[in-house]
file entry.txt (compact mmCIF, C-alpha atoms)
# COMPACT_ATOMS: atom_id res chain seq x y z
CA MET Z 1 83.25 95.65 82.31
CA THR Z 2 83.72 98.26 85.01
CA SER Z 3 83.48 101.78 83.70
CA GLN Z 4 86.49 104.00 84.25
CA VAL Z 5 85.74 107.09 86.29
CA ARG Z 6 87.27 110.37 85.16
CA VAL Z 7 88.23 113.11 87.54
CA SER Z 8 86.86 116.56 87.03
CA PRO Z 9 89.08 119.27 85.55
CA SER Z 10 89.16 121.09 88.90
CA LEU Z 11 89.41 119.68 92.40
CA SER Z 12 87.11 121.26 94.95
CA LEU Z 13 87.72 121.31 98.68
CA THR Z 14 85.08 118.61 99.12
CA ASP Z 15 86.80 116.41 96.54
CA PHE Z 16 90.09 116.89 98.35
CA TRP Z 17 88.61 115.74 101.66
CA TRP Z 18 87.21 112.68 99.90
CA LEU Z 19 90.69 112.03 98.52
CA LEU Z 20 92.49 112.04 101.87
CA PRO Z 21 91.36 108.55 103.05
CA GLY Z 22 92.60 107.02 99.80
CA LEU Z 23 95.98 108.70 100.12
CA GLY Z 24 96.28 107.52 103.70
CA LEU Z 25 95.56 103.96 102.62
CA VAL Z 26 98.21 104.22 99.90
CA VAL Z 27 100.73 105.15 102.58
CA LEU Z 28 99.68 102.09 104.57
CA MET Z 29 99.64 99.59 101.71
CA THR Z 30 102.59 100.62 99.55
CA GLY Z 31 104.43 101.89 102.61
CA ALA Z 32 104.28 98.37 104.04
CA VAL Z 33 105.79 96.99 100.83
CA VAL Z 34 108.58 99.57 100.84
CA ARG Z 35 109.33 99.03 104.52
CA SER Z 36 109.53 95.26 104.06
CA LEU Z 37 112.11 95.78 101.32
CA ALA Z 38 114.05 98.37 103.31
CA GLU Z 39 114.22 96.06 106.34
CA SER Z 40 114.99 92.93 104.32
CA GLY Z 41 118.76 93.21 104.69
CA TRP Z 42 119.38 92.15 101.09
CA ALA Z 43 122.08 94.81 100.74
CA ASN Z 44 123.55 97.86 102.40
CA GLY Z 45 121.90 101.12 101.40
CA LEU Z 46 118.28 99.95 101.27
CA SER Z 47 117.46 102.51 103.95
CA ILE Z 48 117.00 105.01 101.10
CA LEU Z 49 113.86 103.23 99.89
CA PRO Z 50 111.39 105.01 102.24
CA VAL Z 51 112.91 108.36 101.25
CA VAL Z 52 112.56 107.49 97.57
CA ALA Z 53 108.97 106.34 98.07
CA GLY Z 54 108.14 109.48 100.04
CA MET Z 55 109.25 111.72 97.19
CA ALA Z 56 107.36 109.51 94.72
CA PHE Z 57 104.21 110.04 96.79
CA VAL Z 58 104.58 113.82 96.58
CA VAL Z 59 105.41 113.80 92.85
CA GLY Z 60 102.55 111.41 92.09
CA LEU Z 61 100.06 113.55 94.00
CA VAL Z 62 101.16 116.80 92.33
CA LEU Z 63 101.18 115.38 88.81
CA ALA Z 64 97.89 113.53 89.24
CA LEU Z 65 96.19 116.72 90.46
CA TRP Z 66 97.62 118.69 87.53
CA GLN Z 67 94.70 118.01 85.22
CA ARG Z 68 96.03 119.98 82.25
CA LEU Z 69 99.06 117.73 81.99
CA SER Z 70 98.57 114.68 79.78
CA ASN Z 71 99.19 111.21 81.17
CA TRP Z 72 102.31 110.57 79.11
CA ALA Z 73 103.77 113.97 79.91
CA ALA Z 74 103.17 113.41 83.62
CA HIS Z 75 104.81 109.99 83.53
CA ALA Z 76 107.78 111.42 81.62
CA VAL Z 77 108.21 114.10 84.28
CA ALA Z 78 107.97 111.43 86.98
CA LEU Z 79 110.65 109.38 85.21
CA VAL Z 80 113.07 112.32 85.10
CA VAL Z 81 112.39 113.46 88.66
CA GLY Z 82 112.66 109.89 89.91
CA TRP Z 83 116.04 109.35 88.28
CA VAL Z 84 117.36 112.67 89.60
CA TRP Z 85 116.18 111.89 93.13
CA ILE Z 86 117.45 108.31 93.15
CA VAL Z 87 120.89 109.33 91.89
CA GLN Z 88 121.06 111.88 94.69
CA GLN Z 89 120.08 109.31 97.32
CA VAL Z 90 122.46 106.61 96.01
CA GLY Z 91 125.37 109.06 96.06
CA PRO Z 92 126.76 107.98 99.48
CA LEU Z 93 127.11 104.40 98.17
CA LEU Z 94 129.44 105.53 95.38
CA ASP Z 95 133.05 106.70 95.48
CA GLU Z 96 133.38 109.64 97.85
CA ARG Z 97 135.32 111.50 95.17
CA LEU Z 98 132.10 111.78 93.15
CA VAL Z 99 130.82 114.91 94.84
CA SER Z 100 128.48 116.38 92.22
CA TRP Z 101 125.19 114.98 90.99
CA ARG Z 102 126.51 114.96 87.42
CA ASP Z 103 129.50 112.82 88.38
CA ARG Z 104 127.26 110.34 90.17
CA ALA Z 105 124.82 110.18 87.27
CA VAL Z 106 127.64 109.52 84.80
CA GLU Z 107 129.08 106.82 87.06
CA LEU Z 108 125.72 105.06 87.37
CA THR Z 109 125.11 105.33 83.64
CA ILE Z 110 128.47 103.72 82.90
CA ARG Z 111 127.74 100.96 85.38
CA LEU Z 112 124.33 100.34 83.83
CA ILE Z 113 125.83 100.07 80.34
CA SER Z 114 128.52 97.67 81.56
CA TRP Z 115 125.94 95.65 83.48
CA GLY Z 116 123.74 95.38 80.40
CA ARG Z 117 126.64 94.17 78.28
CA VAL Z 118 127.54 91.53 80.86
CA LEU Z 119 123.98 90.21 80.95
CA ALA Z 120 123.72 90.28 77.15
CA SER Z 121 126.84 88.14 76.88
CA GLY Z 122 125.42 85.57 79.29
CA GLY Z 123 127.35 86.72 82.34
CA ARG Z 124 126.11 87.53 85.82
CA GLY Z 125 125.89 90.99 87.35
CA GLU Z 126 127.80 91.66 90.57
CA ASP Z 127 127.21 95.37 91.17
CA ILE Z 128 125.47 95.79 94.52
CA VAL Z 129 124.86 99.50 93.93
CA LEU Z 130 122.81 98.73 90.83
CA PHE Z 131 120.76 96.31 92.92
CA VAL Z 132 119.91 99.17 95.28
CA VAL Z 133 119.11 101.39 92.28
CA ALA Z 134 116.81 98.71 90.85
CA LEU Z 135 114.87 98.41 94.11
CA ALA Z 136 114.73 102.20 94.41
CA LEU Z 137 113.22 102.46 90.93
CA LEU Z 138 110.77 99.70 91.80
CA CYS Z 139 109.64 101.51 94.96
CA TRP Z 140 109.43 104.81 93.08
CA TRP Z 141 107.08 103.48 90.43
CA LEU Z 142 105.01 101.43 92.87
CA MET Z 143 104.30 104.48 95.01
CA TYR Z 144 103.93 106.92 92.12
CA LEU Z 145 101.52 104.77 90.10
CA THR Z 146 99.49 103.77 93.15
CA VAL Z 147 98.97 107.43 94.07
CA TRP Z 148 98.17 108.18 90.43
CA THR Z 149 95.47 105.51 90.19
CA VAL Z 150 93.87 106.65 93.45
CA VAL Z 151 93.72 110.32 92.46
CA ARG Z 152 92.67 109.65 88.87
CA GLN Z 153 90.29 106.86 89.98
CA GLN Z 154 91.57 104.38 87.45
CA ARG Z 155 92.21 100.62 87.69
CA LEU Z 156 93.41 100.56 91.28
CA TRP Z 157 93.17 96.79 91.51
CA LEU Z 158 96.09 96.48 89.07
CA MET Z 159 98.35 98.41 91.44
CA ILE Z 160 97.11 96.39 94.40
CA ILE Z 161 98.15 93.24 92.53
CA ALA Z 162 101.52 94.79 91.63
CA ASN Z 163 102.17 95.74 95.25
CA GLY Z 164 101.05 92.30 96.36
CA VAL Z 165 103.40 90.49 93.97
CA VAL Z 166 106.40 92.51 95.15
CA PHE Z 167 105.49 91.95 98.79
CA LEU Z 168 104.91 88.22 98.28
CA VAL Z 169 108.22 87.67 96.49
CA ASN Z 170 110.10 89.49 99.24
CA TYR Z 171 108.13 87.72 101.98
CA THR Z 172 108.89 84.33 100.45
CA TYR Z 173 112.66 84.63 100.71
CA VAL Z 174 113.40 87.13 103.47
CA LEU Z 175 114.12 86.18 107.08
CA PRO Z 176 112.75 87.08 109.54
CA LYS Z 177 109.31 87.37 107.98
CA PRO Z 178 107.76 90.87 107.96
CA ASP Z 179 104.52 89.70 109.58
CA LEU Z 180 103.50 93.14 110.85
CA GLU Z 181 103.96 94.63 107.39
CA ALA Z 182 101.91 91.75 105.96
CA ILE Z 183 98.96 92.58 108.23
CA VAL Z 184 99.22 96.27 107.37
CA PHE Z 185 99.42 95.50 103.65
CA ILE Z 186 96.40 93.18 103.66
CA THR Z 187 94.33 95.63 105.67
CA GLY Z 188 95.33 98.60 103.51
CA SER Z 189 94.67 96.80 100.23
CA LEU Z 190 91.22 95.60 101.30
CA LEU Z 191 90.24 99.06 102.49
CA LEU Z 192 91.53 100.58 99.25
CA LEU Z 193 89.17 98.34 97.28
CA VAL Z 194 86.28 99.52 99.44
CA TYR Z 195 87.40 103.12 99.02
CA GLN Z 196 87.53 102.83 95.23
CA HIS Z 197 84.03 101.33 95.14
CA VAL Z 198 82.65 104.14 97.30
CA MET Z 199 84.31 106.77 95.10
CA GLN Z 200 82.89 105.20 91.96
CA ARG Z 201 79.40 105.08 93.45
CA ARG Z 202 79.74 108.70 94.58
CA THR Z 203 80.49 109.78 91.01
CA VAL Z 204 77.41 107.93 89.77
CA TRP Z 205 75.21 109.38 92.51
CA GLU Z 206 76.34 112.92 91.80
CA ALA Z 207 75.83 112.45 88.06
CA GLN Z 208 72.28 111.27 88.76
CA GLN Z 209 71.78 113.96 91.44
CA ILE Z 210 71.12 111.40 94.16
CA SER Z 211 71.65 112.63 97.71
CA TYR Z 212 73.81 110.60 100.09
CA PRO Z 213 74.98 111.00 103.71
CA ASP Z 214 77.96 113.26 104.26
CA LEU Z 215 79.65 110.66 106.45
CA LEU Z 216 79.15 107.84 103.96
CA PRO Z 217 82.88 107.34 103.23
CA LEU Z 218 83.68 107.18 106.93
CA GLN Z 219 80.86 104.71 107.55
CA ALA Z 220 81.93 102.51 104.64
CA MET Z 221 85.57 102.50 105.71
CA TRP Z 222 84.63 101.77 109.31
CA SER Z 223 82.45 98.83 108.25
CA ALA Z 224 85.21 97.49 106.01
CA THR Z 225 87.71 97.83 108.86
CA ILE Z 226 85.51 95.76 111.15
CA VAL Z 227 85.13 93.06 108.50
CA GLY Z 228 88.89 93.05 107.90
CA VAL Z 229 89.65 92.70 111.61
CA VAL Z 230 87.18 89.83 111.89
CA LEU Z 231 88.74 88.04 108.91
CA ILE Z 232 92.28 88.48 110.21
CA ALA Z 233 91.25 87.37 113.70
CA GLY Z 234 89.48 84.38 112.17
CA THR Z 235 92.73 83.11 110.70
CA ALA Z 236 94.04 82.70 114.23
CA VAL Z 237 91.63 79.82 114.84
CA LEU Z 238 92.51 77.96 111.65
CA PRO Z 239 94.39 74.67 112.04
CA ALA Z 240 98.03 75.33 112.78
CA GLN Z 241 99.18 71.83 111.88
CA ILE Z 242 99.04 70.83 108.22
CA PRO Z 243 100.30 67.49 106.88
CA PRO Z 244 103.87 68.00 105.56
CA ASP Z 245 103.20 66.38 102.19
CA GLN Z 246 100.17 68.54 101.53
CA ALA Z 247 101.96 71.67 102.71
CA ASN Z 248 105.00 70.97 100.51
CA GLN Z 249 102.84 70.28 97.47
CA THR Z 250 100.87 73.49 97.94
CA TRP Z 251 104.00 75.52 98.59
CA GLU Z 252 105.77 74.21 95.50
CA MET Z 253 102.74 75.07 93.38
CA ILE Z 254 102.73 78.63 94.74
CA ARG Z 255 106.47 79.08 94.27
CA ALA Z 256 106.58 77.78 90.70
CA PRO Z 257 105.75 81.09 88.93
CA PHE Z 258 108.41 82.93 90.91
CA ARG Z 259 111.31 80.58 90.21
CA ALA Z 260 111.94 81.82 86.69
CA VAL Z 261 111.84 85.42 87.90
CA ARG Z 262 114.20 84.57 90.74
CA ALA Z 263 116.66 82.87 88.38
CA ALA Z 264 116.77 85.92 86.11
CA TRP Z 265 117.14 88.21 89.12
CA GLU Z 266 120.03 86.15 90.49
CA ASP Z 267 121.78 86.32 87.12
CA ALA Z 268 121.42 90.09 87.14
CA PHE Z 269 122.61 90.49 90.74
CA SER Z 270 124.63 87.39 91.57
CA THR Z 271 126.21 88.89 94.70
CA ILE Z 272 122.90 89.09 96.58

call {"tool": "encode", "arguments": {"input": "entry.txt", "output": "structure tokens"}}
result
Amino acid sequence: MTSQVRVSPSLSLTDFWWLLPGLGLVVLMTGAVVRSLAESGWANGLSILPVVAGMAFVVGLVLALWQRLSNWAAHAVALVVGWVWIVQQVGPLLDERLVSWRDRAVELTIRLISWGRVLASGGRGEDIVLFVVALALLCWWLMYLTVWTVVRQQRLWLMIIANGVVFLVNYTYVLPKPDLEAIVFITGSLLLLVYQHVMQRRTVWEAQQISYPDLLPLQAMWSATIVGVVLIAGTAVLPAQIPPDQANQTWEMIRAPFRAVRAAWEDAFSTI
């Protein structure tokens, strides 16, 4: 079992410089997921998703660096700030007579209660604004928790999987396919795994007072980048023609786990 690395109570300037590559990779990886959702065209108003994710990045960084704040307290603060920010961003999608934040929050709360009652009675949700709110909350927590795991050096692979699942579901059904975002996501996620390994080894080396090159992170990231480029380029020479029967069988096997989720999602937002 991989040991969980704890951050020190204080963050030195050196630690901060070591942290910057990881934060940049979070922007690449989770940013690609958010952009693919924002450009999906599922509904009007999804342009707020990058703004929501940007604030989540800042909040996640501040709370993760605030070492005296417990995990649960930090997540509670993130929940409140996220709701406040999302309500503010969703405001233009609501009735123009709702000018204050309080009015918009009350309106969304009423809609959420009504939506929950409809679903509980076996009905289907038709509120497009709540669909935007749901995706905004999803992007908020994806970005916030990914930043949190990078700064606190926790189980980053879980957030990579979470980001990957969201991206894959969106990629499966959206047209046109966000191929550029897919390349950015794959590259960012692979480099994040390398980054986490380097950070874990650095902690062990410093605990054992083992010297290491100052440019080690840069060298490791550069090597991983080369390997990633080679792997991506290698896919270009793979066979482009696959027998239809084999392709359909493989595709149906991949899609099977997502069908139940899709059915529940369509019941919740039947107008999409």

call {"tool": "axis_aligned_box", "arguments": {"input": "entry.txt", "around": "region 32-47 of chain Z", "padding_each_side": "8 Å", "output": "JSON"}}
result
{"center_x": 113.9, "center_y": 97.3, "center_z": 103.5, "size_x": 35.3, "size_y": 26.4, "size_z": 21.6}

call {"tool": "atom_distance", "arguments": {"input": "entry.txt", "atom1": "CA of Leu37 (chain Z)", "atom2": "CA of Tyr171 (chain Z)"}}
result
9.0 Å

call {"tool": "closest_residue", "arguments": {"input": "entry.txt", "among": "Z:Gln89, Z:Asn71, Z:Gln154, Z:Ser121", "to": "Leu49 (chain Z)", "atoms": "all atoms listed in the file"}}
result
Z:Gln89

call {"tool": "closest_residue", "arguments": {"input": "entry.txt", "among": "Z:Asp127, Z:Glu206, Z:Glu181, Z:Asp103", "to": "Thr30 (chain Z)", "atoms": "only C-alpha atoms"}}
result
Z:Glu181

call {"tool": "residues_near_point", "arguments": {"input": "entry.txt", "point": "(99.4, 107.5, 93.2)", "cutoff": "8 Å", "atoms": "all atoms listed in the file", "output": "list in words"}}
result
Leu23, Val26, Phe57, Gly60, Leu61, Ala64, Met143, Tyr144, Leu145, Thr146, Val147, Trp148, Thr149, Val150 and Val151 of chain Z

call {"tool": "atom_distance", "arguments": {"input": "entry.txt", "atom1": "CA of Ser40 (chain Z)", "atom2": "CA of Leu98 (chain Z)"}}
result
27.8 Å

call {"tool": "residues_around", "arguments": {"input": "entry.txt", "residues": "Glu107 (chain Z)", "least_positions_apart": "2", "cutoff": "12 Å", "atoms": "all atoms listed in the file", "output": "ChimeraX atom specification"}}
result
/Z:87,90-91,93-105,109-114,129-130

call {"tool": "atom_distance", "arguments": {"input": "entry.txt", "atom1": "CA of Leu79 (chain Z)", "atom2": "CA of Gly54 (chain Z)"}}
result
15.0 Å

call {"tool": "closest_residue", "arguments": {"input": "entry.txt", "among": "Z:Leu25, Z:Val33, Z:Leu137, Z:Gly125", "to": "Val80 (chain Z)", "atoms": "only C-alpha atoms"}}
result
Z:Leu137

call {"tool": "closest_residue", "arguments": {"input": "entry.txt", "among": "Z:Cys139, Z:Val106, Z:Met159, Z:Val133", "to": "Arg35 (chain Z)", "atoms": "all atoms listed in the file"}}
result
Z:Cys139

call {"tool": "residues_around", "arguments": {"input": "entry.txt", "residues": "Leu28 (chain Z)", "least_positions_apart": "3", "cutoff": "10 Å", "atoms": "all atoms listed in the file", "output": "list in words"}}
result
Gly22, Leu23, Gly24, Leu25, Gly31, Ala32, Val33, Val34, Glu181, Val184, Phe185, Ile186, Thr187, Gly188, Ser189 and Leu192 of chain Z

call {"tool": "write_last_selection", "arguments": {"input": "entry.txt", "atoms": "C-alpha atoms", "output": "mmCIF file, in the frame of the given file"}}
result
data_model
loop_
_atom_site.group_PDB
_atom_site.id
_atom_site.type_symbol
_atom_site.label_atom_id
_atom_site.label_comp_id
_atom_site.auth_asym_id
_atom_site.auth_seq_id
_atom_site.Cartn_x
_atom_site.Cartn_y
_atom_site.Cartn_z
ATOM 1 C CA GLY Z 22 92.600 107.020 99.800
ATOM 2 C CA LEU Z 23 95.980 108.700 100.120
ATOM 3 C CA GLY Z 24 96.280 107.520 103.700
ATOM 4 C CA LEU Z 25 95.560 103.960 102.620
ATOM 5 C CA GLY Z 31 104.430 101.890 102.610
ATOM 6 C CA ALA Z 32 104.280 98.370 104.040
ATOM 7 C CA VAL Z 33 105.790 96.990 100.830
ATOM 8 C CA VAL Z 34 108.580 99.570 100.840
ATOM 9 C CA GLU Z 181 103.960 94.630 107.390
ATOM 10 C CA VAL Z 184 99.220 96.270 107.370
ATOM 11 C CA PHE Z 185 99.420 95.500 103.650
ATOM 12 C CA ILE Z 186 96.400 93.180 103.660
ATOM 13 C CA THR Z 187 94.330 95.630 105.670
ATOM 14 C CA GLY Z 188 95.330 98.600 103.510
ATOM 15 C CA SER Z 189 94.670 96.800 100.230
ATOM 16 C CA LEU Z 192 91.530 100.580 99.250
#

call {"tool": "build_atoms", "arguments": {"input": "entry.txt", "residues": "region 148-170 of chain Z", "atoms": "N, CA, C and O atoms", "output": "PDB file, keeping the file's coordinate frame"}}
result
ATOM      1  N   TRP Z 148      98.803 107.735  91.675  1.00  0.00           N
ATOM      2  CA  TRP Z 148      98.170 108.180  90.430  1.00  0.00           C
ATOM      3  C   TRP Z 148      96.808 107.522  90.230  1.00  0.00           C
ATOM      4  O   TRP Z 148      95.829 108.189  89.895  1.00  0.00           O
ATOM      5  N   THR Z 149      96.733 106.215  90.416  1.00  0.00           N
ATOM      6  CA  THR Z 149      95.470 105.510  90.190  1.00  0.00           C
ATOM      7  C   THR Z 149      94.416 105.897  91.222  1.00  0.00           C
ATOM      8  O   THR Z 149      93.223 105.907  90.911  1.00  0.00           O
ATOM      9  N   VAL Z 150      94.838 106.222  92.441  1.00  0.00           N
ATOM     10  CA  VAL Z 150      93.870 106.650  93.450  1.00  0.00           C
ATOM     11  C   VAL Z 150      93.305 108.019  93.108  1.00  0.00           C
ATOM     12  O   VAL Z 150      92.089 108.240  93.147  1.00  0.00           O
ATOM     13  N   VAL Z 151      94.177 108.959  92.760  1.00  0.00           N
ATOM     14  CA  VAL Z 151      93.720 110.320  92.460  1.00  0.00           C
ATOM     15  C   VAL Z 151      92.903 110.345  91.168  1.00  0.00           C
ATOM     16  O   VAL Z 151      91.843 110.978  91.101  1.00  0.00           O
ATOM     17  N   ARG Z 152      93.375 109.651  90.149  1.00  0.00           N
ATOM     18  CA  ARG Z 152      92.670 109.650  88.870  1.00  0.00           C
ATOM     19  C   ARG Z 152      91.535 108.632  88.815  1.00  0.00           C
ATOM     20  O   ARG Z 152      90.835 108.542  87.813  1.00  0.00           O
ATOM     21  N   GLN Z 153      91.365 107.850  89.883  1.00  0.00           N
ATOM     22  CA  GLN Z 153      90.290 106.860  89.980  1.00  0.00           C
ATOM     23  C   GLN Z 153      90.292 105.915  88.776  1.00  0.00           C
ATOM     24  O   GLN Z 153      89.297 105.745  88.076  1.00  0.00           O
ATOM     25  N   GLN Z 154      91.430 105.321  88.548  1.00  0.00           N
ATOM     26  CA  GLN Z 154      91.570 104.380  87.450  1.00  0.00           C
ATOM     27  C   GLN Z 154      91.607 102.950  87.997  1.00  0.00           C
ATOM     28  O   GLN Z 154      91.059 102.693  89.059  1.00  0.00           O
ATOM     29  N   ARG Z 155      92.251 102.033  87.314  1.00  0.00           N
ATOM     30  CA  ARG Z 155      92.210 100.620  87.690  1.00  0.00           C
ATOM     31  C   ARG Z 155      93.125 100.361  88.889  1.00  0.00           C
ATOM     32  O   ARG Z 155      94.231  99.838  88.751  1.00  0.00           O
ATOM     33  N   LEU Z 156      92.618 100.684  90.064  1.00  0.00           N
ATOM     34  CA  LEU Z 156      93.410 100.560  91.280  1.00  0.00           C
ATOM     35  C   LEU Z 156      93.770  99.117  91.581  1.00  0.00           C
ATOM     36  O   LEU Z 156      94.826  98.837  92.155  1.00  0.00           O
ATOM     37  N   TRP Z 157      92.910  98.196  91.197  1.00  0.00           N
ATOM     38  CA  TRP Z 157      93.170  96.790  91.510  1.00  0.00           C
ATOM     39  C   TRP Z 157      94.455  96.292  90.852  1.00  0.00           C
ATOM     40  O   TRP Z 157      95.120  95.397  91.390  1.00  0.00           O
ATOM     41  N   LEU Z 158      94.831  96.881  89.711  1.00  0.00           N
ATOM     42  CA  LEU Z 158      96.090  96.480  89.070  1.00  0.00           C
ATOM     43  C   LEU Z 158      97.283  96.837  89.955  1.00  0.00           C
ATOM     44  O   LEU Z 158      98.232  96.051  90.089  1.00  0.00           O
ATOM     45  N   MET Z 159      97.249  98.011  90.574  1.00  0.00           N
ATOM     46  CA  MET Z 159      98.350  98.410  91.440  1.00  0.00           C
ATOM     47  C   MET Z 159      98.339  97.634  92.746  1.00  0.00           C
ATOM     48  O   MET Z 159      99.396  97.386  93.334  1.00  0.00           O
ATOM     49  N   ILE Z 160      97.162  97.237  93.205  1.00  0.00           N
ATOM     50  CA  ILE Z 160      97.110  96.390  94.400  1.00  0.00           C
ATOM     51  C   ILE Z 160      97.771  95.048  94.102  1.00  0.00           C
ATOM     52  O   ILE Z 160      98.534  94.514  94.921  1.00  0.00           O
ATOM     53  N   ILE Z 161      97.505  94.501  92.922  1.00  0.00           N
ATOM     54  CA  ILE Z 161      98.150  93.240  92.530  1.00  0.00           C
ATOM     55  C   ILE Z 161      99.659  93.431  92.410  1.00  0.00           C
ATOM     56  O   ILE Z 161     100.443  92.587  92.877  1.00  0.00           O
ATOM     57  N   ALA Z 162     100.086  94.532  91.784  1.00  0.00           N
ATOM     58  CA  ALA Z 162     101.520  94.790  91.630  1.00  0.00           C
ATOM     59  C   ALA Z 162     102.211  94.891  92.982  1.00  0.00           C
ATOM     60  O   ALA Z 162     103.282  94.302  93.206  1.00  0.00           O
ATOM     61  N   ASN Z 163     101.610  95.638  93.900  1.00  0.00           N
ATOM     62  CA  ASN Z 163     102.170  95.740  95.250  1.00  0.00           C
ATOM     63  C   ASN Z 163     102.198  94.381  95.927  1.00  0.00           C
ATOM     64  O   ASN Z 163     103.166  94.030  96.612  1.00  0.00           O
ATOM     65  N   GLY Z 164     101.130  93.606  95.732  1.00  0.00           N
ATOM     66  CA  GLY Z 164     101.050  92.300  96.360  1.00  0.00           C
ATOM     67  C   GLY Z 164     102.112  91.336  95.844  1.00  0.00           C
ATOM     68  O   GLY Z 164     102.690  90.561  96.617  1.00  0.00           O
ATOM     69  N   VAL Z 165     102.380  91.371  94.541  1.00  0.00           N
ATOM     70  CA  VAL Z 165     103.400  90.490  93.970  1.00  0.00           C
ATOM     71  C   VAL Z 165     104.777  90.815  94.540  1.00  0.00           C
ATOM     72  O   VAL Z 165     105.534  89.918  94.937  1.00  0.00           O
ATOM     73  N   VAL Z 166     105.103  92.106  94.601  1.00  0.00           N
ATOM     74  CA  VAL Z 166     106.400  92.510  95.150  1.00  0.00           C
ATOM     75  C   VAL Z 166     106.517  92.082  96.610  1.00  0.00           C
ATOM     76  O   VAL Z 166     107.545  91.541  97.043  1.00  0.00           O
ATOM     77  N   PHE Z 167     105.448  92.310  97.368  1.00  0.00           N
ATOM     78  CA  PHE Z 167     105.490  91.950  98.790  1.00  0.00           C
ATOM     79  C   PHE Z 167     105.622  90.439  98.958  1.00  0.00           C
ATOM     80  O   PHE Z 167     106.384  89.960  99.808  1.00  0.00           O
ATOM     81  N   LEU Z 168     104.884  89.673  98.156  1.00  0.00           N
ATOM     82  CA  LEU Z 168     104.910  88.220  98.280  1.00  0.00           C
ATOM     83  C   LEU Z 168     106.271  87.642  97.934  1.00  0.00           C
ATOM     84  O   LEU Z 168     106.768  86.736  98.618  1.00  0.00           O
ATOM     85  N   VAL Z 169     106.895  88.159  96.874  1.00  0.00           N
ATOM     86  CA  VAL Z 169     108.220  87.670  96.490  1.00  0.00           C
ATOM     87  C   VAL Z 169     109.222  87.946  97.610  1.00  0.00           C
ATOM     88  O   VAL Z 169     110.019  87.074  97.991  1.00  0.00           O
ATOM     89  N   ASN Z 170     109.181  89.153  98.153  1.00  0.00           N
ATOM     90  CA  ASN Z 170     110.100  89.490  99.240  1.00  0.00           C
ATOM     91  C   ASN Z 170     109.803  88.655 100.482  1.00  0.00           C
ATOM     92  O   ASN Z 170     110.717  88.150 101.145  1.00  0.00           O
TER      93      ASN Z 170
END
